[in-house]
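Pasting start.cif here (mmCIF, C-alpha atoms):
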data_query
#
loop_
_atom_site.group_PDB
_atom_site.id
_atom_site.type_symbol
_atom_site.label_atom_id
_atom_site.label_comp_id
_atom_site.auth_asym_id
_atom_site.auth_seq_id
_atom_site.Cartn_x
_atom_site.Cartn_y
_atom_site.Cartn_z
ATOM 1 C CA MET A 61 56.612 100.037 46.348
ATOM 2 C CA ASN A 62 55.667 99.917 49.986
ATOM 3 C CA LEU A 63 52.370 98.754 51.493
ATOM 4 C CA ILE A 64 50.999 102.260 51.884
ATOM 5 C CA HIS A 65 51.531 102.920 48.208
ATOM 6 C CA ILE A 66 49.768 99.685 47.278
ATOM 7 C CA MET A 67 46.813 100.609 49.427
ATOM 8 C CA ARG A 68 46.540 104.036 47.889
ATOM 9 C CA GLU A 69 46.484 102.523 44.434
ATOM 10 C CA THR A 70 43.922 99.813 45.195
ATOM 11 C CA LEU A 71 41.546 101.474 47.653
ATOM 12 C CA PRO A 72 39.180 104.361 46.885
ATOM 13 C CA ALA A 73 40.578 107.690 47.954
ATOM 14 C CA SER A 74 37.470 108.355 50.046
ATOM 15 C CA ARG A 75 38.375 105.448 52.326
ATOM 16 C CA LEU A 76 41.886 106.718 52.899
ATOM 17 C CA ASP A 77 41.294 110.483 53.107
ATOM 18 C CA PRO A 78 37.663 110.912 54.216
ATOM 19 C CA LYS A 79 36.329 114.394 53.770
ATOM 20 C CA PRO A 80 33.714 115.823 56.108
ATOM 21 C CA LEU A 81 30.192 115.596 54.697
ATOM 22 C CA SER A 82 28.115 118.700 54.220
ATOM 23 C CA LEU A 83 24.854 117.732 55.908
ATOM 24 C CA PRO A 84 21.918 119.739 57.229
ATOM 25 C CA PRO A 85 20.836 119.168 60.853
ATOM 26 C CA LEU A 86 19.489 115.648 61.382
ATOM 27 C CA THR A 87 16.362 116.877 63.172
ATOM 28 C CA ALA A 88 15.439 118.971 60.152
ATOM 29 C CA LEU A 89 16.025 116.043 57.815
ATOM 30 C CA ARG A 90 13.822 113.774 59.945
ATOM 31 C CA ALA A 91 11.048 116.355 59.972
ATOM 32 C CA PHE A 92 11.188 116.759 56.202
ATOM 33 C CA GLU A 93 11.272 112.982 55.524
ATOM 34 C CA ALA A 94 8.244 112.348 57.741
ATOM 35 C CA ALA A 95 6.281 115.294 56.350
ATOM 36 C CA ALA A 96 7.074 114.331 52.760
ATOM 37 C CA ARG A 97 6.109 110.703 53.373
ATOM 38 C CA HIS A 98 2.790 111.638 55.011
ATOM 39 C CA GLU A 99 2.269 114.768 52.911
ATOM 40 C CA SER A 100 1.198 116.334 56.179
ATOM 41 C CA PHE A 101 2.907 118.373 58.884
ATOM 42 C CA ARG A 102 0.311 117.173 61.407
ATOM 43 C CA LEU A 103 0.922 113.484 60.803
ATOM 44 C CA ALA A 104 4.664 114.040 60.816
ATOM 45 C CA ALA A 105 4.352 115.782 64.181
ATOM 46 C CA GLU A 106 2.374 112.836 65.593
ATOM 47 C CA GLU A 107 4.952 110.339 64.362
ATOM 48 C CA LEU A 108 7.900 112.312 65.732
ATOM 49 C CA ASN A 109 6.059 113.173 68.959
ATOM 50 C CA ILE A 110 6.628 116.910 68.560
ATOM 51 C CA THR A 111 4.316 119.828 67.822
ATOM 52 C CA GLN A 112 3.171 120.745 64.330
ATOM 53 C CA SER A 113 4.789 124.137 64.669
ATOM 54 C CA ALA A 114 8.083 122.417 65.518
ATOM 55 C CA VAL A 115 7.859 120.414 62.288
ATOM 56 C CA SER A 116 7.130 123.610 60.343
ATOM 57 C CA HIS A 117 10.065 125.342 62.028
ATOM 58 C CA GLN A 118 12.476 122.477 61.265
ATOM 59 C CA ILE A 119 11.446 122.378 57.601
ATOM 60 C CA ALA A 120 11.753 126.164 57.274
ATOM 61 C CA HIS A 121 15.254 125.843 58.766
ATOM 62 C CA LEU A 122 16.114 123.146 56.209
ATOM 63 C CA GLU A 123 14.741 125.224 53.324
ATOM 64 C CA LYS A 124 16.880 128.159 54.440
ATOM 65 C CA TRP A 125 19.937 125.884 54.695
ATOM 66 C CA LEU A 126 19.335 124.542 51.164
ATOM 67 C CA GLY A 127 18.191 127.820 49.669
ATOM 68 C CA LYS A 128 15.217 125.981 48.140
ATOM 69 C CA ASP A 129 11.531 125.690 48.969
ATOM 70 C CA LEU A 130 10.622 122.063 49.625
ATOM 71 C CA PHE A 131 6.869 122.469 50.193
ATOM 72 C CA ARG A 132 4.103 124.616 48.793
ATOM 73 C CA ARG A 133 1.704 125.614 51.526
ATOM 74 C CA THR A 134 -1.851 125.991 50.262
ATOM 75 C CA GLY A 135 -4.185 126.633 53.147
ATOM 76 C CA ARG A 136 -4.072 123.627 55.465
ATOM 77 C CA LYS A 137 -2.468 121.420 52.838
ATOM 78 C CA VAL A 138 1.169 121.033 51.867
ATOM 79 C CA GLU A 139 2.639 119.491 48.756
ATOM 80 C CA LEU A 140 6.174 118.911 47.634
ATOM 81 C CA THR A 141 7.837 121.292 45.227
ATOM 82 C CA GLU A 142 9.969 119.969 42.403
ATOM 83 C CA ALA A 143 13.023 120.299 44.667
ATOM 84 C CA GLY A 144 11.190 118.455 47.459
ATOM 85 C CA ARG A 145 10.221 115.589 45.136
ATOM 86 C CA LEU A 146 13.822 115.342 43.996
ATOM 87 C CA TYR A 147 15.218 115.405 47.547
ATOM 88 C CA PHE A 148 12.787 113.007 49.241
ATOM 89 C CA PRO A 149 13.881 109.661 47.626
ATOM 90 C CA TYR A 150 17.492 110.288 48.610
ATOM 91 C CA LEU A 151 16.578 110.946 52.226
ATOM 92 C CA ARG A 152 14.176 108.007 52.342
ATOM 93 C CA GLU A 153 16.866 105.641 51.077
ATOM 94 C CA ALA A 154 19.417 107.086 53.491
ATOM 95 C CA PHE A 155 17.119 106.626 56.509
ATOM 96 C CA GLU A 156 16.274 103.066 55.426
ATOM 97 C CA LYS A 157 19.994 102.266 55.246
ATOM 98 C CA ILE A 158 20.566 103.805 58.672
ATOM 99 C CA ASP A 159 17.684 101.729 60.048
ATOM 100 C CA ALA A 160 19.020 98.526 58.478
ATOM 101 C CA GLY A 161 22.525 99.205 59.756
ATOM 102 C CA THR A 162 21.231 99.969 63.242
ATOM 103 C CA GLN A 163 19.298 96.695 63.371
ATOM 104 C CA LEU A 164 22.332 94.794 62.114
ATOM 105 C CA VAL A 165 24.655 96.273 64.723
ATOM 106 C CA SER A 166 22.184 96.027 67.604
ATOM 107 C CA ARG A 167 21.050 92.475 66.776
ATOM 108 C CA PRO A 168 22.220 90.001 69.425
ATOM 109 C CA ALA A 169 25.080 87.807 68.310
ATOM 110 C CA GLN A 170 23.959 84.361 67.188
ATOM 111 C CA GLN A 171 24.127 81.915 70.056
ATOM 112 C CA GLU A 172 25.316 78.363 69.542
ATOM 113 C CA LEU A 173 24.251 75.204 71.364
ATOM 114 C CA THR A 174 25.297 71.570 70.941
ATOM 115 C CA VAL A 175 22.722 69.023 72.061
ATOM 116 C CA GLN A 176 23.606 65.406 72.765
ATOM 117 C CA LEU A 177 20.749 62.968 72.251
ATOM 118 C CA TYR A 178 20.100 59.351 71.459
ATOM 119 C CA VAL A 179 19.970 58.695 67.716
ATOM 120 C CA THR A 180 16.385 57.403 67.780
ATOM 121 C CA VAL A 181 15.235 60.449 69.735
ATOM 122 C CA ALA A 182 16.828 62.602 67.031
ATOM 123 C CA SER A 183 15.180 60.655 64.207
ATOM 124 C CA ARG A 184 11.772 59.839 65.676
ATOM 125 C CA TRP A 185 11.092 62.769 67.984
ATOM 126 C CA MET A 186 13.324 65.799 67.476
ATOM 127 C CA MET A 187 13.369 65.822 63.671
ATOM 128 C CA GLY A 188 9.713 66.759 63.381
ATOM 129 C CA ARG A 189 10.187 69.646 65.810
ATOM 130 C CA LEU A 190 13.103 71.422 64.136
ATOM 131 C CA HIS A 191 10.853 73.935 62.381
ATOM 132 C CA ALA A 192 9.206 74.837 65.694
ATOM 133 C CA LEU A 193 12.649 75.255 67.267
ATOM 134 C CA GLN A 194 13.778 77.572 64.457
ATOM 135 C CA GLN A 195 10.642 79.678 64.823
ATOM 136 C CA ALA A 196 10.979 79.921 68.607
ATOM 137 C CA CYS A 197 14.739 80.580 68.599
ATOM 138 C CA PRO A 198 15.680 81.997 65.169
ATOM 139 C CA ASP A 199 19.060 83.289 66.337
ATOM 140 C CA LEU A 200 20.024 80.059 68.141
ATOM 141 C CA LEU A 201 22.330 77.834 66.100
ATOM 142 C CA VAL A 202 21.690 74.300 67.367
ATOM 143 C CA ARG A 203 23.935 71.352 66.559
ATOM 144 C CA PHE A 204 22.782 67.816 67.360
ATOM 145 C CA ASN A 205 25.290 65.202 68.450
ATOM 146 C CA ALA A 206 23.460 61.892 68.027
ATOM 147 C CA SER A 207 24.781 58.747 69.699
ATOM 148 C CA GLN A 208 23.722 55.103 69.452
ATOM 149 C CA MET A 209 25.526 53.770 72.486
ATOM 150 C CA ASP A 210 26.332 56.481 75.010
ATOM 151 C CA TRP A 211 23.572 57.105 77.525
ATOM 152 C CA GLU A 212 25.760 59.298 79.756
ATOM 153 C CA PHE A 213 25.971 63.014 79.077
ATOM 154 C CA ASP A 214 29.444 64.081 77.956
ATOM 155 C CA PRO A 215 30.010 67.816 78.647
ATOM 156 C CA ARG A 216 33.216 67.743 76.604
ATOM 157 C CA HIS A 217 31.253 67.363 73.387
ATOM 158 C CA ALA A 218 27.885 68.984 74.109
ATOM 159 C CA ASP A 219 26.338 71.825 76.087
ATOM 160 C CA VAL A 220 23.212 69.883 77.063
ATOM 161 C CA GLY A 221 21.970 66.338 76.700
ATOM 162 C CA ILE A 222 18.586 64.653 76.399
ATOM 163 C CA ILE A 223 19.169 61.376 78.198
ATOM 164 C CA SER A 224 17.397 58.531 79.950
ATOM 165 C CA THR A 225 18.680 57.506 83.369
ATOM 166 C CA THR A 226 17.609 55.951 86.657
ATOM 167 C CA GLU A 227 20.239 57.931 88.565
ATOM 168 C CA PRO A 228 19.989 61.692 87.901
ATOM 169 C CA ASN A 229 22.571 62.478 90.559
ATOM 170 C CA ARG A 230 25.993 62.884 88.979
ATOM 171 C CA GLN A 231 27.928 65.470 90.929
ATOM 172 C CA GLY A 232 28.202 68.846 89.230
ATOM 173 C CA PHE A 233 25.280 68.256 86.856
ATOM 174 C CA SER A 234 21.782 69.726 86.736
ATOM 175 C CA TYR A 235 18.866 67.482 85.683
ATOM 176 C CA THR A 236 15.549 68.872 84.422
ATOM 177 C CA PRO A 237 12.840 66.165 84.361
ATOM 178 C CA LEU A 238 11.166 65.871 80.970
ATOM 179 C CA PHE A 239 8.815 62.896 80.997
ATOM 180 C CA GLU A 240 8.345 59.242 81.882
ATOM 181 C CA ALA A 241 7.963 56.946 78.890
ATOM 182 C CA ARG A 242 6.083 53.648 78.741
ATOM 183 C CA LEU A 243 7.372 50.510 77.061
ATOM 184 C CA ILE A 244 5.093 49.073 74.388
ATOM 185 C CA ALA A 245 5.264 46.176 71.948
ATOM 186 C CA VAL A 246 5.106 47.084 68.243
ATOM 187 C CA CYS A 247 5.174 45.194 64.979
ATOM 188 C CA SER A 248 4.104 45.574 61.362
ATOM 189 C CA PRO A 249 0.486 44.994 60.305
ATOM 190 C CA LYS A 250 1.620 42.321 57.855
ATOM 191 C CA LEU A 251 3.245 40.288 60.641
ATOM 192 C CA LEU A 252 -0.110 40.085 62.370
ATOM 193 C CA ALA A 253 -1.857 39.201 59.139
ATOM 194 C CA GLN A 254 0.574 36.387 58.284
ATOM 195 C CA ASN A 255 0.687 34.698 61.696
ATOM 196 C CA SER A 256 -1.646 33.334 64.341
ATOM 197 C CA PRO A 257 -3.631 35.960 66.260
ATOM 198 C CA ILE A 258 -1.964 37.836 69.125
ATOM 199 C CA VAL A 259 -4.497 38.656 71.796
ATOM 200 C CA GLU A 260 -2.412 38.624 74.980
ATOM 201 C CA PRO A 261 1.240 39.025 75.997
ATOM 202 C CA ALA A 262 1.771 35.262 76.183
ATOM 203 C CA ASP A 263 1.093 35.033 72.438
ATOM 204 C CA ILE A 264 3.999 37.346 71.690
ATOM 205 C CA VAL A 265 6.742 34.990 72.872
ATOM 206 C CA ARG A 266 5.951 32.632 69.974
ATOM 207 C CA HIS A 267 7.341 35.266 67.603
ATOM 208 C CA THR A 268 10.822 36.592 66.930
ATOM 209 C CA LEU A 269 11.559 39.277 69.514
ATOM 210 C CA LEU A 270 13.665 42.277 68.528
ATOM 211 C CA GLN A 271 15.947 43.410 71.341
ATOM 212 C CA VAL A 272 17.982 46.574 71.805
ATOM 213 C CA TYR A 273 21.050 45.354 73.649
ATOM 214 C CA THR A 274 21.895 48.821 74.956
ATOM 215 C CA ALA A 275 18.494 48.625 76.709
ATOM 216 C CA GLN A 276 18.566 44.899 77.302
ATOM 217 C CA HIS A 277 16.163 44.882 80.272
ATOM 218 C CA ASP A 278 13.194 46.315 78.337
ATOM 219 C CA TRP A 279 11.841 42.913 77.365
ATOM 220 C CA ASP A 280 12.367 41.533 80.860
ATOM 221 C CA VAL A 281 10.423 44.436 82.347
ATOM 222 C CA TRP A 282 7.580 44.153 79.831
ATOM 223 C CA LEU A 283 7.283 40.353 80.027
ATOM 224 C CA GLY A 284 7.657 40.388 83.787
ATOM 225 C CA ALA A 285 4.673 42.743 84.082
ATOM 226 C CA ALA A 286 2.635 40.050 82.298
ATOM 227 C CA GLY A 287 3.919 37.312 84.567
ATOM 228 C CA LEU A 288 6.085 35.791 81.847
ATOM 229 C CA SER A 289 9.689 34.662 81.974
ATOM 230 C CA GLY A 290 12.551 36.402 80.232
ATOM 231 C CA LEU A 291 13.748 36.205 76.661
ATOM 232 C CA ASN A 292 14.430 33.009 74.804
ATOM 233 C CA ASP A 293 17.900 33.659 73.409
ATOM 234 C CA GLY A 294 17.213 31.578 70.316
ATOM 235 C CA ALA A 295 14.202 33.653 69.300
ATOM 236 C CA THR A 296 15.680 37.143 69.437
ATOM 237 C CA ILE A 297 17.521 39.489 67.104
ATOM 238 C CA ARG A 298 19.664 42.145 68.741
ATOM 239 C CA PHE A 299 20.283 45.747 67.656
ATOM 240 C CA ASP A 300 22.333 48.619 69.020
ATOM 241 C CA SER A 301 19.520 51.189 68.786
ATOM 242 C CA TYR A 302 15.763 51.554 68.975
ATOM 243 C CA LEU A 303 15.962 53.040 65.485
ATOM 244 C CA LEU A 304 17.114 49.757 63.952
ATOM 245 C CA ALA A 305 14.658 47.748 66.043
ATOM 246 C CA LEU A 306 11.820 49.945 64.785
ATOM 247 C CA GLU A 307 12.962 49.565 61.182
ATOM 248 C CA ALA A 308 13.134 45.793 61.573
ATOM 249 C CA ALA A 309 9.677 45.739 63.146
ATOM 250 C CA MET A 310 8.233 47.768 60.247
ATOM 251 C CA ASP A 311 9.860 45.292 57.856
ATOM 252 C CA GLY A 312 7.999 42.413 59.516
ATOM 253 C CA GLN A 313 11.098 40.851 61.089
ATOM 254 C CA GLY A 314 9.579 40.512 64.555
ATOM 255 C CA ILE A 315 8.155 42.346 67.551
ATOM 256 C CA ALA A 316 10.059 45.149 69.283
ATOM 257 C CA ILE A 317 9.731 46.748 72.707
ATOM 258 C CA VAL A 318 10.276 50.525 72.550
ATOM 259 C CA PRO A 319 9.428 53.661 74.552
ATOM 260 C CA ASP A 320 6.008 54.800 73.362
ATOM 261 C CA PHE A 321 7.006 58.322 72.273
ATOM 262 C CA LEU A 322 9.556 56.924 69.796
ATOM 263 C CA ALA A 323 6.906 54.896 67.982
ATOM 264 C CA ARG A 324 4.112 57.468 68.023
ATOM 265 C CA GLN A 325 4.583 58.702 64.435
ATOM 266 C CA ASP A 326 4.826 55.175 63.022
ATOM 267 C CA LEU A 327 1.732 54.070 64.928
ATOM 268 C CA ALA A 328 -0.212 57.093 63.700
ATOM 269 C CA SER A 329 0.786 56.408 60.089
ATOM 270 C CA GLY A 330 -0.087 52.700 60.298
ATOM 271 C CA ARG A 331 3.466 51.546 59.627
ATOM 272 C CA LEU A 332 3.378 49.919 63.077
ATOM 273 C CA VAL A 333 0.656 48.534 65.293
ATOM 274 C CA GLN A 334 0.460 47.425 68.917
ATOM 275 C CA PRO A 335 -0.375 43.705 68.949
ATOM 276 C CA VAL A 336 -1.482 43.987 72.595
ATOM 277 C CA ALA A 337 -2.397 47.043 74.638
ATOM 278 C CA GLN A 338 -0.095 46.354 77.595
ATOM 279 C CA SER A 339 2.331 49.139 78.440
ATOM 280 C CA VAL A 340 4.653 49.394 81.421
ATOM 281 C CA PRO A 341 6.719 52.315 82.754
ATOM 282 C CA GLN A 342 10.231 52.493 81.345
ATOM 283 C CA PRO A 343 12.540 52.073 84.364
ATOM 284 C CA ALA A 344 14.600 55.137 83.448
ATOM 285 C CA ARG A 345 13.182 58.660 83.190
ATOM 286 C CA TRP A 346 14.081 61.219 80.530
ATOM 287 C CA TYR A 347 15.960 64.377 81.494
ATOM 288 C CA LEU A 348 17.638 67.430 80.052
ATOM 289 C CA VAL A 349 21.063 67.582 81.648
ATOM 290 C CA SER A 350 23.843 70.161 81.659
ATOM 291 C CA ARG A 351 26.705 71.189 83.851
ATOM 292 C CA LYS A 352 25.322 72.845 86.956
ATOM 293 C CA ASP A 353 27.526 75.928 86.536
ATOM 294 C CA ARG A 354 26.146 76.477 83.020
ATOM 295 C CA THR A 355 22.451 75.805 83.525
ATOM 296 C CA ASP A 356 21.460 79.493 83.484
ATOM 297 C CA GLU A 357 23.405 80.425 80.357
ATOM 298 C CA PRO A 358 21.051 82.167 77.886
ATOM 299 C CA ALA A 359 21.299 79.559 75.103
ATOM 300 C CA ILE A 360 20.741 76.661 77.504
ATOM 301 C CA ALA A 361 17.880 78.434 79.274
ATOM 302 C CA ARG A 362 16.143 79.241 75.971
ATOM 303 C CA PHE A 363 16.461 75.688 74.679
ATOM 304 C CA ARG A 364 15.183 74.299 77.999
ATOM 305 C CA PHE A 365 12.158 76.627 77.923
ATOM 306 C CA TRP A 366 11.326 75.581 74.357
ATOM 307 C CA LEU A 367 11.853 71.873 75.087
ATOM 308 C CA LEU A 368 9.600 71.890 78.149
ATOM 309 C CA GLY A 369 6.877 73.489 76.036
ATOM 310 C CA GLU A 370 7.189 70.723 73.438
ATOM 311 C CA VAL A 371 7.056 68.058 76.137
ATOM 312 C CA ALA A 372 3.928 69.607 77.660
ATOM 313 C CA GLU A 373 2.263 69.639 74.236
ATOM 314 C CA MET A 374 3.257 66.020 73.618
ATOM 315 C CA GLN A 375 1.761 64.895 76.921
ATOM 316 C CA GLN A 376 -1.541 66.605 76.130
ATOM 317 C CA ARG A 377 -2.052 64.542 72.981
#

Spit out the file's structure as structure tokens when you get a sec.
Amino acid sequence: MNLIHIMRETLPASRLDPKPLSLPPLTALRAFEAAARHESFRLAAEELNITQSAVSHQIAHLEKWLGKDLFRRTGRKVELTEAGRLYFPYLREAFEKIDAGTQLVSRPAQQELTVQLYVTVASRWMMGRLHALQQACPDLLVRFNASQMDWEFDPRHADVGIISTTEPNRQGFSYTPLFEARLIAVCSPKLLAQNSPIVEPADIVRHTLLQVYTAQHDWDVWLGAAGLSGLNDGATIRFDSYLLALEAAMDGQGIAIVPDFLARQDLASGRLVQPVAQSVPQPARWYLVSRKDRTDEPAIARFRFWLLGEVAEMQQR
């Protein structure tokens, strides 16, 4: 048994030997469907943007083609005959299927985008905005590539990156400024309650300081702004991400220095507090980066437009 024979035995005959359908003119069918749905030639004419006489002519043509009256005309009113009531649901369903198929075929193909971002940015900033991203770009499939260590954008593994850098000048890359963060000190409320009062930056150095060693200069910058010396190595605990430093701070293990936008949710909920009000600019600025030859690609442009809107909203709060 050859392949053709197998196909003929397993596939419906209509798919192998399609026969031409016996259909009335489409314009007549459209006129009848609209008139039957509205129960009015006038309203059907308005919907189809043709004259009422044209609707009447098309329906008369369809009735002649079928050999059946579809409407009873009583003065200015029309109502479906028994044949019309029988015919209408079939046409309505057929037009709905045509409409659904047309939308399916004409719908833009789903676009994909891989975004590289620091793990704490993913957890503490991006996570709460995923619903807004889905609403703004429902046909954009976004994948997040979160990293703890790599601050440099890697175009081999992502289309765009949300990064922090002091040198937005790598050749062949396009940098869109997002915002400037400020470094703040944070700790748990219970740490303040269990220890001597902290009223100024100098009081902080008596406590265990939580350091992110991939951003090892944060403490130096913050303490230096207060006229204090650098870290005491014996009084610090080191982590590879702001995420872990924040978790340790919430657990009462010490005081962490973090960019303000990463701690905003925890401060608002009361899980963290600022022991002193001092904040200093983070030396690096945050950017959206991509390869320069790809910056105008539709998926990248749409994500950039959405992201800038979220940043503007964040800065207004």

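In terms of minimum interatomic distance to Ser116 of chain A, A:Ala94 ranks closest within A:Lys128, A:Val202, A:Ala359, A:Ala94, counting only C-alpha atoms.
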
Rounded to one decimal, what separation in Å do you get between atom CA of Lys352 of chain A and atom CA of Cys197 of chain A? 22.6 Å

Step by step, work through what the PyMOL selection byres ((chain A and resi 90) around 10) selects in the shown file, and finish by giving those residues as a PyMOL selection string. chain A and resi 85-89+91-96+104+108+115+118-119+151-152+155

Which neighbours of Ile244 of chain A fall inside 9 Å, counting all atoms listed in the file, when residues of the same chain fewer than 3 positions from it are skipped, and could you give them as a list in words?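 After dropping sequence-adjacent residues, the list is Trp282, Ala316, Ile317, Val318, Pro319, Asp320, Ala323, Gln334, Val336, Ala337, Gln338, Ser339 and Val340 of chain A.
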
Give me, as a compact mmCIF listing (two decimals) with C-alpha atoms, keeping the file's coordinate frame, all polymer residues having an atom no more than 12 Å from Gln325 of chain A, counting all atoms listed in the file and skipping those fewer than 4 positions away in the same chain.
# COMPACT_ATOMS: atom_id res chain seq x y z
CA SER A 183 15.18 60.66 64.21
CA ARG A 184 11.77 59.84 65.68
CA TRP A 185 11.09 62.77 67.98
CA MET A 186 13.32 65.80 67.48
CA MET A 187 13.37 65.82 63.67
CA GLY A 188 9.71 66.76 63.38
CA LEU A 306 11.82 49.94 64.78
CA ASP A 320 6.01 54.80 73.36
CA PHE A 321 7.01 58.32 72.27
CA SER A 329 0.79 56.41 60.09
CA GLY A 330 -0.09 52.70 60.30
CA ARG A 331 3.47 51.55 59.63
CA LEU A 332 3.38 49.92 63.08
CA VAL A 333 0.66 48.53 65.29
CA MET A 374 3.26 66.02 73.62

Quick one: apply the PyMOL selection byres ((chain A and resi 346) around 6) to the file and drop the selected residues here as a list in words.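 For this structure, the PyMOL selection byres ((chain A and resi 346) around 6) resolves to Ile223, Ser224, Leu238, Phe239, Arg345 and Tyr347 of chain A.
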
What does the distance from atom CA of Gln195 of chain A to atom CA of Pro237 of chain A come to in Å, to one decimal? 23.9 Å

Rounded to one decimal in Å, what is the spacing between atom CA of Ala308 of chain A and atom CA of Phe204 of chain A?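 It comes out at 24.7 Å.
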
Using the chain letters and numbers from the file, which residues does the PyMOL selection byres ((chain A and resi 280) around 12) grab, as a VMD selection string? chain A and resid 243 265 269 271 to 273 275 to 279 281 to 292 317 340 342 to 343

Best match for closeness to Thr296 of chain A among A:Leu126, A:Ile110, A:Ala309, A:Leu270, counting all atoms listed in the file: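 Among the listed residues, the smallest separation from Thr296 of chain A belongs to A:Leu270.
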
Considering all atoms listed in the file, can you say which of A:Arg145, A:Arg377, A:Arg242, A:Arg324 comes closest to Phe131 of chain A?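 Closest to Phe131 of chain A of all the choices is A:Arg145.
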
Taking into account all atoms listed in the file, which residue in the set A:Val175, A:Ala305, A:Ala328, A:Ala120 is nearest to Ser350 of chain A? A:Val175

Under the rule that all atoms listed in the file are counted, which of A:Glu307, A:Glu139, A:Asp300, A:Glu260 is the nearest residue to Thr274 of chain A?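 Checking each of A:Glu307, A:Glu139, A:Asp300, A:Glu260 against Thr274 of chain A, counting all atoms listed in the file, the winner is A:Asp300.
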
Quick one: residues within 6 Å of Ala206 of chain A, only C-alpha atoms, excluding same-chain residues fewer than 4 positions away - as a PyMOL selection string? chain A and resi 176-179

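Nearest residue to Tyr147 of chain A among A:Glu370, A:Glu240, A:Glu123, A:Asp219 is A:Glu123, counting only C-alpha atoms.
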